[in-house]
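Listing of protein_16.tsv; format and content: TSV, C-alpha atoms and all ligand atoms.
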chain	number	residue	atom	x	y	z
A	1	MET	CA	17.40	4.22	-23.51
A	2	THR	CA	16.19	1.56	-25.94
A	3	ARG	CA	12.41	1.58	-26.02
A	4	GLY	CA	10.65	-1.72	-25.56
A	5	ALA	CA	13.79	-3.33	-24.17
A	6	PRO	CA	12.77	-6.20	-21.89
A	7	SER	CA	14.91	-4.78	-19.14
A	8	PRO	CA	15.23	-1.02	-19.60
A	9	THR	CA	17.90	0.97	-17.78
A	10	LEU	CA	17.07	4.65	-17.65
A	11	GLN	CA	19.52	7.53	-18.03
A	12	PRO	CA	19.23	10.83	-16.18
A	13	GLY	CA	16.79	12.96	-18.20
A	14	ASP	CA	14.60	9.95	-19.06
A	15	THR	CA	10.96	9.84	-18.03
A	16	VAL	CA	9.16	7.56	-15.59
A	17	GLY	CA	5.43	7.27	-16.33
A	18	ILE	CA	3.31	6.95	-13.20
A	19	LEU	CA	-0.27	5.68	-13.25
A	20	GLY	CA	-2.17	7.54	-10.54
A	21	GLY	CA	-1.69	11.09	-9.31
A	22	GLY	CA	-2.19	11.06	-5.53
A	23	GLN	CA	0.27	11.74	-2.74
A	24	LEU	CA	2.26	8.58	-3.44
A	25	ALA	CA	2.82	9.65	-7.06
A	26	ARG	CA	3.67	13.13	-5.80
A	27	MET	CA	6.40	11.80	-3.49
A	28	LEU	CA	7.66	9.40	-6.18
A	29	SER	CA	7.86	12.32	-8.58
A	30	LEU	CA	9.90	14.40	-6.11
A	31	ALA	CA	12.29	11.47	-5.61
A	32	ALA	CA	12.62	10.98	-9.36
A	33	ALA	CA	13.44	14.66	-9.79
A	34	SER	CA	16.22	14.36	-7.20
A	35	LEU	CA	17.76	11.67	-9.37
A	36	GLY	CA	17.51	13.79	-12.52
A	37	LEU	CA	14.58	11.86	-13.93
A	38	ARG	CA	11.33	13.32	-15.23
A	39	THR	CA	7.84	12.02	-14.57
A	40	ASN	CA	4.65	11.96	-16.60
A	41	ILE	CA	1.60	11.46	-14.37
A	42	PHE	CA	-1.35	9.58	-15.88
A	43	CYS	CA	-4.48	10.41	-13.91
A	44	PRO	CA	-8.17	10.77	-14.80
A	45	ASP	CA	-8.63	13.72	-12.47
A	46	ASP	CA	-7.29	17.12	-13.52
A	47	ALA	CA	-6.64	18.18	-9.90
A	48	CYS	CA	-4.08	15.57	-8.86
A	49	PRO	CA	-1.57	16.30	-6.07
A	50	ALA	CA	1.20	14.83	-8.25
A	51	PHE	CA	0.65	17.27	-11.12
A	52	HIS	CA	2.18	20.12	-9.08
A	53	VAL	CA	5.56	18.42	-9.03
A	54	SER	CA	5.78	16.52	-12.31
A	55	ASP	CA	7.26	17.34	-15.69
A	56	SER	CA	4.16	16.42	-17.67
A	57	ALA	CA	0.66	15.05	-17.22
A	58	THR	CA	-1.75	12.83	-19.12
A	59	ILE	CA	-5.36	13.39	-18.10
A	60	ALA	CA	-7.38	10.41	-19.28
A	61	ALA	CA	-9.27	7.35	-18.08
A	62	TYR	CA	-7.29	4.16	-17.32
A	63	THR	CA	-9.48	2.50	-19.96
A	64	ASP	CA	-8.59	5.01	-22.72
A	65	LYS	CA	-6.55	2.90	-25.12
A	66	THR	CA	-5.35	5.76	-27.32
A	67	ALA	CA	-4.27	7.82	-24.32
A	68	LEU	CA	-2.39	4.82	-22.90
A	69	GLN	CA	-0.64	4.24	-26.24
A	70	ASN	CA	0.37	7.90	-26.50
A	71	PHE	CA	1.60	7.83	-22.90
A	72	ALA	CA	3.66	4.70	-23.68
A	73	GLY	CA	5.36	6.65	-26.45
A	74	ARG	CA	6.33	9.49	-24.13
A	75	VAL	CA	7.86	7.58	-21.22
A	76	ASP	CA	10.78	5.18	-20.76
A	77	VAL	CA	9.26	2.93	-18.10
A	78	VAL	CA	5.88	2.85	-16.34
A	79	THR	CA	5.02	2.28	-12.70
A	80	TYR	CA	1.89	2.87	-10.62
A	81	GLU	CA	0.97	4.32	-7.26
A	82	PHE	CA	-2.08	2.19	-6.56
A	83	GLU	CA	-3.06	-1.43	-7.07
A	84	ASN	CA	-6.42	-0.82	-8.70
A	85	VAL	CA	-5.00	0.09	-12.07
A	86	PRO	CA	-6.87	-2.16	-14.53
A	87	VAL	CA	-4.66	-5.07	-15.62
A	88	ASP	CA	-5.86	-4.34	-19.20
A	89	ALA	CA	-4.16	-0.93	-19.03
A	90	VAL	CA	-0.87	-2.69	-18.28
A	91	ALA	CA	-1.41	-5.04	-21.23
A	92	ILE	CA	-2.04	-2.08	-23.55
A	93	LEU	CA	1.10	-0.30	-22.34
A	94	GLU	CA	3.24	-3.40	-22.78
A	95	ALA	CA	1.83	-4.04	-26.26
A	96	ALA	CA	2.80	-0.45	-27.06
A	97	GLY	CA	6.40	-1.34	-26.20
A	98	VAL	CA	6.94	0.07	-22.72
A	99	THR	CA	7.92	-1.97	-19.66
A	100	VAL	CA	5.65	-1.77	-16.59
A	101	ARG	CA	7.28	-2.32	-13.20
A	102	PRO	CA	6.14	-4.03	-11.05
A	103	GLY	CA	4.38	-6.09	-13.75
A	104	ALA	CA	0.87	-7.37	-14.30
A	105	VAL	CA	1.31	-10.48	-12.10
A	106	ALA	CA	1.84	-8.45	-8.93
A	107	LEU	CA	-1.19	-6.31	-9.78
A	108	GLU	CA	-3.40	-9.33	-10.42
A	109	LYS	CA	-2.46	-10.89	-7.10
A	110	ALA	CA	-2.84	-7.70	-5.08
A	111	GLN	CA	-6.09	-6.35	-6.48
A	112	ASP	CA	-8.25	-9.29	-5.46
A	113	ARG	CA	-8.15	-10.16	-1.75
A	114	LEU	CA	-9.11	-13.79	-2.39
A	115	VAL	CA	-6.42	-14.35	-5.04
A	116	GLU	CA	-3.96	-12.54	-2.76
A	117	LYS	CA	-4.66	-14.81	0.23
A	118	GLN	CA	-4.43	-17.94	-1.92
A	119	PHE	CA	-1.09	-16.69	-3.27
A	120	ILE	CA	0.30	-16.00	0.23
A	121	ARG	CA	-0.83	-19.44	1.41
A	122	SER	CA	0.85	-21.03	-1.63
A	123	LEU	CA	4.14	-19.68	-0.22
A	124	GLU	CA	3.43	-21.50	3.05
A	125	VAL	CA	2.99	-18.19	4.83
A	126	ALA	CA	0.10	-17.84	7.30
A	127	THR	CA	-2.96	-15.67	6.62
A	128	ALA	CA	-6.24	-15.29	8.51
A	129	GLU	CA	-8.68	-18.14	7.90
A	130	PHE	CA	-10.77	-17.07	4.91
A	131	HIS	CA	-13.72	-18.04	2.77
A	132	GLY	CA	-14.74	-16.64	-0.64
A	133	VAL	CA	-18.28	-15.25	-0.56
A	134	ASP	CA	-20.46	-14.75	-3.65
A	135	ASP	CA	-23.91	-14.62	-2.07
A	136	LEU	CA	-25.81	-14.72	1.22
A	137	ALA	CA	-25.66	-18.51	1.39
A	138	GLY	CA	-21.89	-18.32	0.91
A	139	LEU	CA	-21.65	-15.82	3.75
A	140	ASP	CA	-23.57	-18.19	6.00
A	141	GLN	CA	-21.26	-21.04	5.05
A	142	GLY	CA	-18.23	-18.80	5.54
A	143	LEU	CA	-19.31	-17.91	9.07
A	144	GLN	CA	-19.56	-21.61	9.87
A	145	ASN	CA	-16.05	-22.15	8.47
A	146	VAL	CA	-14.15	-19.20	9.91
A	147	GLY	CA	-16.22	-18.58	13.06
A	148	ARG	CA	-16.95	-15.26	14.79
A	149	PRO	CA	-15.89	-12.51	15.08
A	150	ALA	CA	-15.16	-12.16	11.40
A	151	ILE	CA	-14.58	-9.40	8.85
A	152	LEU	CA	-16.29	-9.30	5.48
A	153	LYS	CA	-14.30	-7.43	2.82
A	154	THR	CA	-14.98	-6.82	-0.85
A	155	ARG	CA	-12.48	-8.74	-2.98
A	156	ARG	CA	-11.70	-5.66	-5.05
A	157	LEU	CA	-11.29	-1.89	-4.70
A	158	GLY	CA	-11.24	-1.60	-0.90
A	159	TYR	CA	-8.79	0.77	0.80
A	160	ASP	CA	-8.42	2.61	4.11
A	161	GLY	CA	-10.93	0.19	5.67
A	162	LYS	CA	-13.55	0.96	2.99
A	163	GLY	CA	-15.57	-1.97	1.66
A	164	GLN	CA	-15.28	-3.83	4.99
A	165	THR	CA	-17.67	-4.69	7.75
A	166	ARG	CA	-17.29	-6.65	10.98
A	167	LEU	CA	-19.52	-9.45	12.20
A	168	THR	CA	-19.30	-9.73	15.97
A	169	GLU	CA	-21.60	-11.03	18.68
A	170	GLN	CA	-22.54	-7.41	19.45
A	171	ASP	CA	-23.67	-6.86	15.82
A	172	ILE	CA	-25.86	-9.89	16.05
A	173	ASP	CA	-27.42	-8.62	19.31
A	174	LEU	CA	-27.87	-5.20	17.71
A	175	HIS	CA	-29.73	-6.61	14.72
A	176	ALA	CA	-31.93	-8.81	16.90
A	177	SER	CA	-31.15	-11.89	14.85
A	178	PHE	CA	-28.26	-13.65	13.23
A	179	GLU	CA	-30.03	-13.63	9.84
A	180	LYS	CA	-30.58	-9.87	9.97
A	181	ALA	CA	-26.97	-9.18	10.98
A	182	VAL	CA	-25.71	-11.33	8.11
A	183	ALA	CA	-28.02	-9.68	5.58
A	184	PHE	CA	-26.92	-6.26	6.85
A	185	ALA	CA	-23.24	-7.16	6.45
A	186	TRP	CA	-23.87	-8.42	2.92
A	187	ALA	CA	-25.63	-5.16	2.03
A	188	GLU	CA	-22.75	-3.20	3.62
A	189	VAL	CA	-20.28	-4.63	1.09
A	190	GLY	CA	-22.71	-3.85	-1.72
A	191	ALA	CA	-23.52	-7.56	-2.29
A	192	ALA	CA	-20.24	-7.71	-4.25
A	193	PRO	CA	-17.88	-10.71	-4.49
A	194	SER	CA	-16.20	-10.73	-1.10
A	195	ILE	CA	-13.96	-12.57	1.29
A	196	LEU	CA	-14.84	-13.44	4.86
A	197	GLU	CA	-11.85	-13.44	7.19
A	198	ALA	CA	-11.58	-14.68	10.73
A	199	PHE	CA	-10.74	-11.80	13.06
A	200	VAL	CA	-7.07	-12.13	14.00
A	201	PRO	CA	-6.51	-11.37	17.71
A	202	PHE	CA	-3.26	-9.57	17.03
A	203	GLU	CA	-0.99	-8.00	19.61
A	204	ARG	CA	0.31	-5.44	17.12
A	205	GLU	CA	0.52	-4.71	13.42
A	206	VAL	CA	3.80	-4.28	11.56
A	207	SER	CA	4.81	-3.82	7.95
A	208	ILE	CA	7.91	-4.41	5.92
A	209	ILE	CA	8.82	-2.16	3.05
A	210	GLY	CA	10.86	-4.31	0.71
A	211	ALA	CA	12.48	-3.65	-2.63
A	212	ARG	CA	13.74	-5.85	-5.44
A	213	ALA	CA	15.89	-4.55	-8.27
A	214	ALA	CA	15.86	-5.58	-11.94
A	215	ASP	CA	18.89	-7.82	-11.27
A	216	GLY	CA	17.07	-9.61	-8.42
A	217	ALA	CA	18.89	-7.89	-5.54
A	218	ILE	CA	16.67	-7.38	-2.48
A	219	GLN	CA	16.80	-4.75	0.27
A	220	LEU	CA	14.36	-4.55	3.19
A	221	TYR	CA	13.67	-1.64	5.51
A	222	GLU	CA	13.37	-2.57	9.17
A	223	PRO	CA	9.86	-3.59	10.29
A	224	ILE	CA	7.60	-0.64	11.13
A	225	GLU	CA	4.85	-0.78	13.77
A	226	ASN	CA	1.44	0.52	12.69
A	227	VAL	CA	-1.65	1.69	14.52
A	228	HIS	CA	-4.94	2.02	12.63
A	229	ALA	CA	-8.02	3.95	13.68
A	230	GLY	CA	-11.27	3.27	11.89
A	231	GLY	CA	-9.44	1.17	9.29
A	232	ILE	CA	-7.09	4.07	8.38
A	233	LEU	CA	-3.41	4.14	9.28
A	234	LYS	CA	-2.86	6.64	12.09
A	235	THR	CA	0.77	6.19	13.15
A	236	SER	CA	3.83	4.26	12.03
A	237	THR	CA	6.79	3.82	14.36
A	238	ALA	CA	10.34	2.57	13.91
A	239	PRO	CA	11.70	0.55	15.53
A	240	ALA	CA	8.79	-1.89	15.90
A	241	ARG	CA	8.53	-3.61	19.28
A	242	ILE	CA	9.04	-7.16	18.03
A	243	SER	CA	11.55	-9.91	18.70
A	244	ALA	CA	14.40	-10.84	16.38
A	245	ALA	CA	12.58	-14.09	15.57
A	246	THR	CA	9.38	-12.25	14.58
A	247	ARG	CA	11.38	-9.86	12.46
A	248	ALA	CA	13.17	-12.73	10.73
A	249	ALA	CA	9.87	-14.49	9.96
A	250	ALA	CA	8.38	-11.29	8.48
A	251	GLU	CA	11.52	-10.76	6.42
A	252	ARG	CA	11.43	-14.33	5.10
A	253	ALA	CA	7.79	-13.92	4.07
A	254	THR	CA	8.54	-10.61	2.30
A	255	ILE	CA	11.46	-12.13	0.39
A	256	ALA	CA	9.32	-15.14	-0.62
A	257	ILE	CA	6.65	-12.78	-1.98
A	258	LEU	CA	9.17	-10.63	-3.89
A	259	GLU	CA	10.78	-13.67	-5.47
A	260	ALA	CA	7.56	-15.49	-6.34
A	261	LEU	CA	6.33	-12.39	-8.19
A	262	ASP	CA	9.69	-11.78	-9.91
A	263	TYR	CA	9.03	-8.33	-8.54
A	264	ILE	CA	10.75	-5.08	-9.52
A	265	GLY	CA	10.10	-2.09	-7.25
A	266	VAL	CA	9.02	-1.40	-3.69
A	267	ILE	CA	6.35	-3.49	-1.98
A	268	GLY	CA	4.57	-2.99	1.36
A	269	VAL	CA	3.63	-6.14	3.25
A	270	GLU	CA	1.28	-5.79	6.24
A	271	PHE	CA	1.47	-8.31	9.08
A	272	PHE	CA	-0.43	-9.12	12.24
A	273	VAL	CA	1.82	-10.18	15.12
A	274	LEU	CA	0.17	-12.68	17.47
A	275	PRO	CA	0.86	-12.72	21.22
A	276	SER	CA	3.07	-15.79	20.58
A	277	GLY	CA	5.24	-13.69	18.25
A	278	ALA	CA	4.06	-15.62	15.17
A	279	ILE	CA	3.24	-13.56	12.09
A	280	VAL	CA	0.19	-13.61	9.82
A	281	VAL	CA	0.20	-11.71	6.51
A	282	ASN	CA	-2.73	-9.29	6.28
A	283	GLU	CA	-2.19	-7.92	2.80
A	284	MET	CA	0.42	-6.63	0.39
A	285	ALA	CA	0.56	-3.42	-1.59
A	286	PRO	CA	2.54	-3.58	-4.86
A	287	ARG	CA	3.74	-0.01	-4.48
A	288	VAL	CA	5.19	2.43	-1.99
A	289	HIS	CA	3.21	2.23	1.23
A	290	ASN	CA	1.91	4.78	3.75
A	291	SER	CA	3.76	3.05	6.61
A	292	GLY	CA	7.01	3.62	4.70
A	293	HIS	CA	6.68	7.41	4.66
A	294	LEU	CA	8.98	7.66	7.67
A	295	THR	CA	11.83	6.33	5.53
A	296	ALA	CA	11.93	9.74	3.82
A	297	ASP	CA	13.18	11.36	7.03
A	298	ALA	CA	14.65	8.48	9.06
A	299	CYS	CA	16.71	6.73	6.36
A	300	ALA	CA	19.30	7.95	3.87
A	301	ILE	CA	17.33	6.51	0.97
A	302	SER	CA	13.53	6.88	1.08
A	303	GLN	CA	11.10	4.21	-0.11
A	304	PHE	CA	10.24	6.63	-2.95
A	305	GLU	CA	13.83	6.88	-4.15
A	306	GLN	CA	14.21	3.11	-3.68
A	307	HIS	CA	11.20	2.48	-5.92
A	308	ILE	CA	12.42	4.90	-8.59
A	309	ARG	CA	15.87	3.27	-8.50
A	310	ALA	CA	14.31	-0.17	-8.99
A	311	VAL	CA	11.98	0.78	-11.83
A	312	ALA	CA	14.78	2.73	-13.52
A	313	GLY	CA	16.87	-0.44	-13.54
A	314	TRP	CA	19.37	1.15	-11.15
A	315	PRO	CA	20.98	-0.43	-8.07
A	316	LEU	CA	19.05	-0.22	-4.80
A	317	GLY	CA	20.19	2.06	-1.98
A	318	ASP	CA	21.00	1.26	1.64
A	319	PRO	CA	17.71	1.11	3.61
A	320	SER	CA	19.26	1.45	7.06
A	321	ARG	CA	17.67	3.88	9.48
A	322	HIS	CA	19.65	6.71	11.12
A	323	SER	CA	16.95	7.93	13.53
A	324	ASP	CA	14.00	6.59	15.47
A	325	ALA	CA	10.78	7.92	14.00
A	326	VAL	CA	7.05	8.23	14.50
A	327	MET	CA	5.01	9.13	11.43
A	328	GLU	CA	1.53	10.52	12.04
A	329	ASN	CA	-0.99	10.82	9.22
A	330	LEU	CA	-2.81	14.14	9.06
A	331	ILE	CA	-6.32	13.06	8.18
A	332	GLY	CA	-9.11	15.52	7.40
A	333	ASP	CA	-9.04	18.46	9.80
A	334	ASP	CA	-5.83	17.20	11.50
A	335	VAL	CA	-4.03	19.20	8.85
A	336	LYS	CA	-5.18	22.45	10.47
A	337	ALA	CA	-2.45	21.85	13.07
A	338	TRP	CA	0.22	22.50	10.43
A	339	ARG	CA	1.10	25.90	11.91
A	340	ASP	CA	2.02	24.29	15.23
A	341	ILE	CA	3.72	21.29	13.66
A	342	ILE	CA	5.93	23.46	11.48
A	343	ARG	CA	7.38	25.03	14.66
A	344	GLU	CA	8.27	21.71	16.29
A	345	PRO	CA	11.95	20.80	16.31
A	346	ASN	CA	12.82	17.51	14.58
A	347	ALA	CA	9.41	17.24	12.95
A	348	ALA	CA	9.31	16.87	9.18
A	349	LEU	CA	6.00	18.11	7.78
A	350	HIS	CA	4.73	16.85	4.43
A	351	LEU	CA	1.60	18.36	2.92
A	352	TYR	CA	0.01	16.88	-0.18
A	353	GLY	CA	-1.43	20.04	-1.73
A	354	LYS	CA	-5.05	18.84	-1.57
A	355	LYS	CA	-7.56	21.68	-1.47
A	356	GLU	CA	-10.39	20.25	0.58
A	357	ALA	CA	-9.91	18.51	3.97
A	358	ARG	CA	-12.71	15.95	3.83
A	359	PRO	CA	-13.15	13.51	6.74
A	360	GLY	CA	-10.97	10.44	6.25
A	361	ARG	CA	-8.91	12.13	3.52
A	362	LYS	CA	-5.14	11.92	3.88
A	363	MET	CA	-3.98	15.56	3.71
A	364	GLY	CA	-0.38	15.17	4.79
A	365	HIS	CA	1.84	13.57	7.41
A	366	VAL	CA	4.45	14.52	9.96
A	367	THR	CA	7.47	12.44	10.91
A	368	ARG	CA	8.97	13.14	14.32
A	369	LEU	CA	12.57	12.06	14.72
A	370	THR	CA	14.59	11.18	17.82
A	371	ALA	CA	18.09	9.78	18.24
A	372	ARG	CA	18.37	6.19	17.15
A	373	SER	CA	17.93	3.84	20.09
A	374	PRO	CA	20.69	1.27	20.56
A	375	ALA	CA	20.01	-1.99	18.67
A	376	LYS	CA	18.56	-4.71	20.89
B	1	LIG	N1	-8.76	-10.38	9.70
B	1	LIG	C1	-8.51	-9.30	10.47
B	1	LIG	N2	-8.38	-9.44	11.82
B	1	LIG	C2	-8.17	-8.35	12.60
B	1	LIG	N3	-8.08	-7.10	12.14
B	1	LIG	C3	-8.21	-6.88	10.82
B	1	LIG	C4	-8.42	-7.98	9.91
B	1	LIG	N4	-8.49	-7.48	8.68
B	1	LIG	C5	-8.33	-6.15	8.79
B	1	LIG	N5	-8.17	-5.77	10.07
B	1	LIG	C6	-7.93	-4.39	10.56
B	1	LIG	O1	-8.39	-3.45	9.60
B	1	LIG	C7	-7.28	-2.74	9.00
B	1	LIG	C8	-7.54	-2.49	7.53
B	1	LIG	O2	-7.73	-3.74	6.85
B	1	LIG	P1	-6.97	-4.12	5.51
B	1	LIG	O3	-7.39	-5.49	5.12
B	1	LIG	O4	-5.52	-3.88	5.65
B	1	LIG	O5	-7.66	-3.15	4.47
B	1	LIG	P2	-7.17	-1.87	3.67
B	1	LIG	O6	-6.95	-2.39	2.29
B	1	LIG	O7	-8.32	-0.95	3.78
B	1	LIG	O8	-5.89	-1.40	4.31
B	1	LIG	C9	-6.08	-3.65	9.29
B	1	LIG	O9	-4.86	-2.94	9.24
B	1	LIG	C10	-6.44	-4.16	10.69
B	1	LIG	O10	-6.21	-3.17	11.68
B	2	MG	MG	-4.23	-2.51	4.88

Let me see the structure of the file written as structure tokens.
Amino acid sequence: MTRGAPSPTLQPGDTVGILGGGQLARMLSLAAASLGLRTNIFCPDDACPAFHVSDSATIAAYTDKTALQNFAGRVDVVTYEFENVPVDAVAILEAAGVTVRPGAVALEKAQDRLVEKQFIRSLEVATAEFHGVDDLAGLDQGLQNVGRPAILKTRRLGYDGKGQTRLTEQDIDLHASFEKAVAFAWAEVGAAPSILEAFVPFEREVSIIGARAADGAIQLYEPIENVHAGGILKTSTAPARISAATRAAAERATIAILEALDYIGVIGVEFFVLPSGAIVVNEMAPRVHNSGHLTADACAISQFEQHIRAVAGWPLGDPSRHSDAVMENLIGDDVKAWRDIIREPNAALHLYGKKEARPGRKMGHVTRLTARSPAK
């Protein structure tokens, strides 16, 4: 492969560099290995789940310029498993001559919830009503604009419902006054630049895992229906119980996002579905997505392989689904059930190799398969 080529195409034996070493990087690394590619995992922590299954590792901070430059010299393309990689790290890698897919633009849009919502709106796709909040007065103004109930979220670095707090009538009763409830919410997000969103009275949540190749070809997995508990994904089910019109609207929005970002790789787009069937984009993840884990067992080509194909400059695979599936995240102590799960027929168990089962920590998942239901 020619290094620094604007549009690299990898050969078997080449190396994909992955920023981040969690379970997503681990599953990407396994998929890369199946295609004869190597991975080098860049992660600040020396106990990363992805290290167990990768060819090589770089243990350094995402701000370590020398480490990034050395990493750039050892890999043929770079991707990432999480959207909070500093954009500066991408700039350093690109200056060192390696292509990063998806690129800096997707990262910039996805790592700031305010920028992300403005971007989605610019595509004429609906989002929750929102208001940027920089201080208490801004929060007050925001509540007047978006109404109640509302959700206050930090603009940056939130995940799995972290960095979020709700503002409902009950909270206000609980805090004895509106002012106290507002001040409490502001403290809850660490008084950091935030976004206030109107609470969307959704009927269900769905996601689309989409992929765009280096040549612009797009493939979408079928919509997946998601249930969250305490802000963390609990189950993902395919097929999703939505109409053909809702599906088409979600697909159009996903394609618009992929094209506007000139995206290369897999993206996860989260939607709220209203009782009317209309869709509202919640957020997008410029990477493989937890709701797409069922593709590993219910589709011929997993989201992980699809992402590796795209970043390698290879053609995308067929995303069609051969089985119905329910994926359940094993969070914290849930993982203790592994001995029972492993005995279940048609259940595919995936464990991430994490030592300690802390509350809220994703330890693994199980995908239960049944025969594909006839298309509606
Ligand atoms: N504006 C909203 N209206 C209703 N529910 C919401 C809203 N924002 C978030 N939620 C709920 O909280 C979950 C997590 O929020 P999300 O913004 O996706 O954050 P994270 O980055 O932590 O996944 C969503 O999947 C949804 O269930
Ligand atoms: Mg989310």

Taking all listed atoms of ligand LIG 1 (chain B), build the axis-aligned box, pad each of the six sides by 3 Å, then write its centre and edge lengths in Å to one decimal as lines of an AutoDock Vina configuration file.
center_x = -6.8
center_y = -5.7
center_z = 7.4
size_x = 9.9
size_y = 15.4
size_z = 16.3

At most 7 Å from ligand MG 2 (chain B) (all atoms listed in the file): residue list as a ChimeraX atom specification: /A:159-160,270,283

Distance limit 10 Å, reference ligand LIG 1 (chain B), atoms considered: only C-alpha atoms and all ligand atoms. Which residues make the cut? Give them as an mmCIF file with C-alpha atoms, in the coordinates of the input.
data_model
loop_
_atom_site.group_PDB
_atom_site.id
_atom_site.type_symbol
_atom_site.label_atom_id
_atom_site.label_comp_id
_atom_site.auth_asym_id
_atom_site.auth_seq_id
_atom_site.Cartn_x
_atom_site.Cartn_y
_atom_site.Cartn_z
ATOM 1 C CA ALA A 110 -2.840 -7.700 -5.080
ATOM 2 C CA GLN A 111 -6.090 -6.350 -6.480
ATOM 3 C CA ARG A 113 -8.150 -10.160 -1.750
ATOM 4 C CA THR A 127 -2.960 -15.670 6.620
ATOM 5 C CA ALA A 128 -6.240 -15.290 8.510
ATOM 6 C CA GLU A 129 -8.680 -18.140 7.900
ATOM 7 C CA PHE A 130 -10.770 -17.070 4.910
ATOM 8 C CA PRO A 149 -15.890 -12.510 15.080
ATOM 9 C CA ALA A 150 -15.160 -12.160 11.400
ATOM 10 C CA ILE A 151 -14.580 -9.400 8.850
ATOM 11 C CA LEU A 152 -16.290 -9.300 5.480
ATOM 12 C CA LYS A 153 -14.300 -7.430 2.820
ATOM 13 C CA THR A 154 -14.980 -6.820 -0.850
ATOM 14 C CA ARG A 155 -12.480 -8.740 -2.980
ATOM 15 C CA ARG A 156 -11.700 -5.660 -5.050
ATOM 16 C CA LEU A 157 -11.290 -1.890 -4.700
ATOM 17 C CA GLY A 158 -11.240 -1.600 -0.900
ATOM 18 C CA TYR A 159 -8.790 0.770 0.800
ATOM 19 C CA ASP A 160 -8.420 2.610 4.110
ATOM 20 C CA GLY A 161 -10.930 0.190 5.670
ATOM 21 C CA LYS A 162 -13.550 0.960 2.990
ATOM 22 C CA GLY A 163 -15.570 -1.970 1.660
ATOM 23 C CA GLN A 164 -15.280 -3.830 4.990
ATOM 24 C CA THR A 165 -17.670 -4.690 7.750
ATOM 25 C CA ARG A 166 -17.290 -6.650 10.980
ATOM 26 C CA LEU A 196 -14.840 -13.440 4.860
ATOM 27 C CA GLU A 197 -11.850 -13.440 7.190
ATOM 28 C CA ALA A 198 -11.580 -14.680 10.730
ATOM 29 C CA PHE A 199 -10.740 -11.800 13.060
ATOM 30 C CA VAL A 200 -7.070 -12.130 14.000
ATOM 31 C CA PRO A 201 -6.510 -11.370 17.710
ATOM 32 C CA PHE A 202 -3.260 -9.570 17.030
ATOM 33 C CA ARG A 204 0.310 -5.440 17.120
ATOM 34 C CA GLU A 205 0.520 -4.710 13.420
ATOM 35 C CA VAL A 206 3.800 -4.280 11.560
ATOM 36 C CA SER A 207 4.810 -3.820 7.950
ATOM 37 C CA ASN A 226 1.440 0.520 12.690
ATOM 38 C CA VAL A 227 -1.650 1.690 14.520
ATOM 39 C CA HIS A 228 -4.940 2.020 12.630
ATOM 40 C CA ALA A 229 -8.020 3.950 13.680
ATOM 41 C CA GLY A 230 -11.270 3.270 11.890
ATOM 42 C CA GLY A 231 -9.440 1.170 9.290
ATOM 43 C CA ILE A 232 -7.090 4.070 8.380
ATOM 44 C CA LEU A 233 -3.410 4.140 9.280
ATOM 45 C CA VAL A 269 3.630 -6.140 3.250
ATOM 46 C CA GLU A 270 1.280 -5.790 6.240
ATOM 47 C CA PHE A 271 1.470 -8.310 9.080
ATOM 48 C CA PHE A 272 -0.430 -9.120 12.240
ATOM 49 C CA VAL A 280 0.190 -13.610 9.820
ATOM 50 C CA VAL A 281 0.200 -11.710 6.510
ATOM 51 C CA ASN A 282 -2.730 -9.290 6.280
ATOM 52 C CA GLU A 283 -2.190 -7.920 2.800
ATOM 53 C CA MET A 284 0.420 -6.630 0.390
ATOM 54 C CA ALA A 285 0.560 -3.420 -1.590
ATOM 55 C CA ASN A 290 1.910 4.780 3.750
#

Would you list the contacts of Ser276 in chain A as a PyMOL selection string, taking every protein, DNA or RNA residue within 9 Å and counting all atoms listed in the file, but skipping same-chain residues closer than 3 positions in sequence? chain A and resi 203+273+279

Show me, as JSON lines, the residues of range 235-297 of chain A having an atom within 12 Å of range 360-367 of chain A, each with the closest atom pair and its distance in Å, using only C-alpha atoms.
{"residue": "A:Thr235", "atom": "CA", "partner": "A:His365", "partner_atom": "CA", "distance": 9.4}
{"residue": "A:Ser236", "atom": "CA", "partner": "A:Thr367", "partner_atom": "CA", "distance": 9.0}
{"residue": "A:Thr237", "atom": "CA", "partner": "A:Thr367", "partner_atom": "CA", "distance": 9.3}
{"residue": "A:Ala238", "atom": "CA", "partner": "A:Thr367", "partner_atom": "CA", "distance": 10.7}
{"residue": "A:Asn290", "atom": "CA", "partner": "A:His365", "partner_atom": "CA", "distance": 9.5}
{"residue": "A:Ser291", "atom": "CA", "partner": "A:His365", "partner_atom": "CA", "distance": 10.7}
{"residue": "A:Gly292", "atom": "CA", "partner": "A:Thr367", "partner_atom": "CA", "distance": 10.8}
{"residue": "A:His293", "atom": "CA", "partner": "A:Thr367", "partner_atom": "CA", "distance": 8.1}
{"residue": "A:Leu294", "atom": "CA", "partner": "A:Thr367", "partner_atom": "CA", "distance": 6.0}
{"residue": "A:Thr295", "atom": "CA", "partner": "A:Thr367", "partner_atom": "CA", "distance": 9.2}
{"residue": "A:Ala296", "atom": "CA", "partner": "A:Thr367", "partner_atom": "CA", "distance": 8.8}
{"residue": "A:Asp297", "atom": "CA", "partner": "A:Thr367", "partner_atom": "CA", "distance": 7.0}

Name all residues at most 9 Å from Gly216 in chain A (count all atoms listed in the file; drop same-chain ones fewer than 4 positions away) and give them as number ranges by chain. A: 212, 259, 262-264

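Residue nearest Gln11 in chain A, chosen from A:Pro193, A:Gly313, A:Pro86, A:Gly268 and counting all atoms listed in the file: A:Gly313.
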
Show me the residues close to (11.0, -13.7, 18.6) - anything with an atom within 12 Å, counting all atoms listed in the file - and format the list as an NGL selection string. :A and (241-250 or 273-279 or 376)
